[in-house]
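Participant: Below: one structure in structure tokens.
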Amino acid sequence: MLLGIDASRALRPASQRTGTELYSRQLIESLLRLAPTRPAPPSLRLYTDVAPDQTTRQAWAGADWRIIPSPRLWTHARLSLEMLRRPPDVLFVPAHVLPLWRPRRTLVTIHDLGYLFFPQAHPLRQRLYLDLTTRWHGRVATHILADSHATAHDLTRRLGVDARRISVVYPGFTPTMQRPADPSLLQEDRRGLWPVRALLLLCGHPAAAQEPGARGAGLCPPPDALGG
């Protein structure tokens, strides 16, 4: 099986990566690492609008690259044309939009419907675009990955997506994370109390800071509420 993946967001510069770009990048890295261990591993083809740097190309050596430069309308023009000419068996879009022309089987990740719950976090034009693309995915994607049961519930309740077309797949974890050295932090968390240090860690994550529409955004109080 040939699995095509839209890797365009995964190759964004580090300064421009938010949570979805990091998700896309780490997911591709994991797939490339795990695929050879499967009994019938799929071939992975990565589609992108920019050439990867040498470090990424070496690290992702198991992938077949399709570099398709285009300053505008990359997804719906250039990627669509590639799908018409040389379609993969399945196209997976982990952090962007399905193209207008696509193979018969498609998979897409919908991370949240934050624009519905925090409309003030998005300019009108961006909010309309998010709503249009999310509804588009709900209508045309063969299957949808949701980051959480909350997102899956929102898709079925708010947009009428058939629950049978949704699988909840948690984003996973970062292997470099460690358990707290101070056991009292875990005890406080189990009692439902968020230590200030843990709250600062959550709210201070650079990816979270760039995505005000995420469902967890409301957890972050203003700095003066934390006592300096």
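By convention in this document, the chains of the structure tokens carry letters A, B, ... by their order, each chain's residues are numbered from 1, and ligands are numbered from 1 in the order they are shown.
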Within 12 Å of A:Trp74, counting only C-alpha atoms, which residues show up once you throw out same-chain ones fewer than 5 positions away? Write them as a PDB file with N, CA and C atoms, in the first residue's frame, please.

Facilitator:
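Output (result02.pdb):
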ATOM      1  N   ASP A   6       0.483  14.583   3.468  1.00  0.00           N
ATOM      2  CA  ASP A   6       0.763  16.011   3.276  1.00  0.00           C
ATOM      3  C   ASP A   6       1.724  16.442   4.376  1.00  0.00           C
ATOM      4  N   SER A   8       3.527  19.283   4.253  1.00  0.00           N
ATOM      5  CA  SER A   8       3.848  20.700   4.070  1.00  0.00           C
ATOM      6  C   SER A   8       3.944  21.440   5.398  1.00  0.00           C
ATOM      7  N   ARG A   9       3.047  21.146   6.330  1.00  0.00           N
ATOM      8  CA  ARG A   9       3.081  21.838   7.625  1.00  0.00           C
ATOM      9  C   ARG A   9       4.206  21.327   8.506  1.00  0.00           C
ATOM     10  N   TYR A  47       4.396  14.680   0.514  1.00  0.00           N
ATOM     11  CA  TYR A  47       4.151  15.790  -0.400  1.00  0.00           C
ATOM     12  C   TYR A  47       4.429  17.101   0.337  1.00  0.00           C
ATOM     13  N   THR A  48       5.180  17.980  -0.295  1.00  0.00           N
ATOM     14  CA  THR A  48       5.509  19.251   0.343  1.00  0.00           C
ATOM     15  C   THR A  48       5.737  20.330  -0.697  1.00  0.00           C
ATOM     16  N   ASP A  49       5.589  21.572  -0.242  1.00  0.00           N
ATOM     17  CA  ASP A  49       5.784  22.700  -1.160  1.00  0.00           C
ATOM     18  C   ASP A  49       7.193  23.268  -1.103  1.00  0.00           C
ATOM     19  N   VAL A  50       7.993  22.808  -0.137  1.00  0.00           N
ATOM     20  CA  VAL A  50       9.382  23.270  -0.023  1.00  0.00           C
ATOM     21  C   VAL A  50      10.282  22.050   0.151  1.00  0.00           C
ATOM     22  N   ILE A  67       8.299  16.895  -4.056  1.00  0.00           N
ATOM     23  CA  ILE A  67       8.439  18.323  -3.761  1.00  0.00           C
ATOM     24  C   ILE A  67       7.779  19.097  -4.901  1.00  0.00           C
ATOM     25  N   ILE A  68       6.733  19.844  -4.562  1.00  0.00           N
ATOM     26  CA  ILE A  68       5.913  20.518  -5.572  1.00  0.00           C
ATOM     27  C   ILE A  68       5.851  22.005  -5.222  1.00  0.00           C
ATOM     28  N   PRO A  69       6.817  22.795  -5.690  1.00  0.00           N
ATOM     29  CA  PRO A  69       6.815  24.226  -5.339  1.00  0.00           C
ATOM     30  C   PRO A  69       5.616  24.959  -5.924  1.00  0.00           C
ATOM     31  N   LEU A  79      -1.252  20.234  -5.491  1.00  0.00           N
ATOM     32  CA  LEU A  79      -1.422  18.911  -4.884  1.00  0.00           C
ATOM     33  C   LEU A  79      -2.577  18.162  -5.537  1.00  0.00           C
ATOM     34  N   SER A  80      -3.643  18.878  -5.883  1.00  0.00           N
ATOM     35  CA  SER A  80      -4.760  18.239  -6.594  1.00  0.00           C
ATOM     36  C   SER A  80      -4.305  17.642  -7.917  1.00  0.00           C
ATOM     37  N   LEU A  81      -3.471  18.392  -8.649  1.00  0.00           N
ATOM     38  CA  LEU A  81      -2.969  17.887  -9.928  1.00  0.00           C
ATOM     39  C   LEU A  81      -2.128  16.635  -9.726  1.00  0.00           C
ATOM     40  N   GLU A  82      -1.317  16.635  -8.687  1.00  0.00           N
ATOM     41  CA  GLU A  82      -0.512  15.446  -8.384  1.00  0.00           C
ATOM     42  C   GLU A  82      -1.406  14.255  -8.051  1.00  0.00           C
ATOM     43  N   HIS A  96      -3.666  19.986   7.796  1.00  0.00           N
ATOM     44  CA  HIS A  96      -4.048  21.004   6.817  1.00  0.00           C
ATOM     45  C   HIS A  96      -5.390  20.616   6.205  1.00  0.00           C
ATOM     46  N   VAL A  97      -5.547  20.819   4.898  1.00  0.00           N
ATOM     47  CA  VAL A  97      -6.839  20.665   4.236  1.00  0.00           C
ATOM     48  C   VAL A  97      -6.732  19.633   3.116  1.00  0.00           C
ATOM     49  N   LEU A  98      -7.759  18.812   2.978  1.00  0.00           N
ATOM     50  CA  LEU A  98      -7.806  17.893   1.847  1.00  0.00           C
ATOM     51  C   LEU A  98      -7.921  18.676   0.544  1.00  0.00           C
ATOM     52  N   PRO A  99      -7.210  18.256  -0.503  1.00  0.00           N
ATOM     53  CA  PRO A  99      -7.322  18.948  -1.797  1.00  0.00           C
ATOM     54  C   PRO A  99      -8.660  18.660  -2.467  1.00  0.00           C
ATOM     55  N   LEU A 100      -9.003  19.495  -3.420  1.00  0.00           N
ATOM     56  CA  LEU A 100     -10.272  19.320  -4.134  1.00  0.00           C
ATOM     57  C   LEU A 100     -10.318  17.976  -4.853  1.00  0.00           C
TER      58      LEU A 100
END

Participant: Name the residues of stretch 11-206 of chain A that come out as strand (DSSP E) in a backbone DSSP run; write them as a PyMOL selection string.

Facilitator: chain A and resi 43-48+64-67+90-93+105-110+143-146+166-168

Participant: Please provide as a ChimeraX atom specification all residues within 12 Å of A:Ser148, with the sequence filter that same-chain residues fewer than 5 positions apart are discarded (counting only C-alpha atoms).

Facilitator: /A:109-113,153-155,166-172,215

Participant: Selection from above, C-alpha atoms, as a compact mmCIF listing (two decimals), in the first residue's frame, can you write it?

Facilitator:
# COMPACT_ATOMS: atom_id res chain seq x y z
CA THR A 109 -6.98 14.81 11.51
CA ILE A 110 -9.35 17.36 13.02
CA HIS A 111 -7.67 18.71 16.13
CA ASP A 112 -10.49 20.76 17.60
CA LEU A 113 -13.42 23.01 16.86
CA HIS A 153 -18.37 14.72 20.29
CA ASP A 154 -18.23 18.24 18.84
CA LEU A 155 -18.02 16.82 15.32
CA ILE A 166 -14.42 9.09 13.52
CA SER A 167 -11.65 7.47 15.54
CA VAL A 168 -10.24 9.10 18.65
CA VAL A 169 -6.44 8.87 18.48
CA TYR A 170 -4.57 10.76 21.16
CA PRO A 171 -1.55 12.74 19.94
CA GLY A 172 0.82 10.69 22.13
CA ARG A 215 -9.95 24.11 24.12

Participant: One number please: atom CA of A:Pro52 to atom CA of A:Thr20, in Å, one decimal.

Facilitator: 18.2 Å

Participant: Looking only at alpha helix (DSSP H) from DSSP on the backbone, list the matching residues of stretch 8-214 of chain A as a ChimeraX atom specification.

Facilitator: /A:19-34,54-59,80-85,114-117,124-140,149-159,183-190,196-203,206-209

Participant: In Å, with one decimal, what is the gap from atom CA of A:Arg66 to atom CA of A:Tyr129?

Facilitator: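 One can read the atom CA of A:Arg66 to atom CA of A:Tyr129 distance as 26.6 Å.
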
Participant: Residues within 12 Å of A:Ala163, please, as JSON, numbers by chain. Count only C-alpha atoms; anything in the same chain fewer than 5 positions from it doesn't count.

Facilitator: {"A": [138, 143, 144, 145, 146, 149, 151, 152, 153, 154, 155, 156, 157, 158, 168]}

Participant: Contacts of A:Leu22 at 12 Å or less, counting only C-alpha atoms, minus same-chain residues fewer than 4 places along, as a list of chain:residue names?

Facilitator: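 Surrounding residues, per the criterion: A:Ala7, A:Ser8, A:Arg9, A:Ala10, A:Leu11, A:Arg12, A:Pro13, A:Ala14, A:Ser15, A:Gln16, A:Arg17, A:Thr18, A:Gln26, A:Leu27, A:Ile28, A:Glu29, A:Pro94, A:Ala95, A:Pro171, A:Gly172, A:Phe173, A:Thr174, A:Pro206, A:Ala207, A:Ala208.
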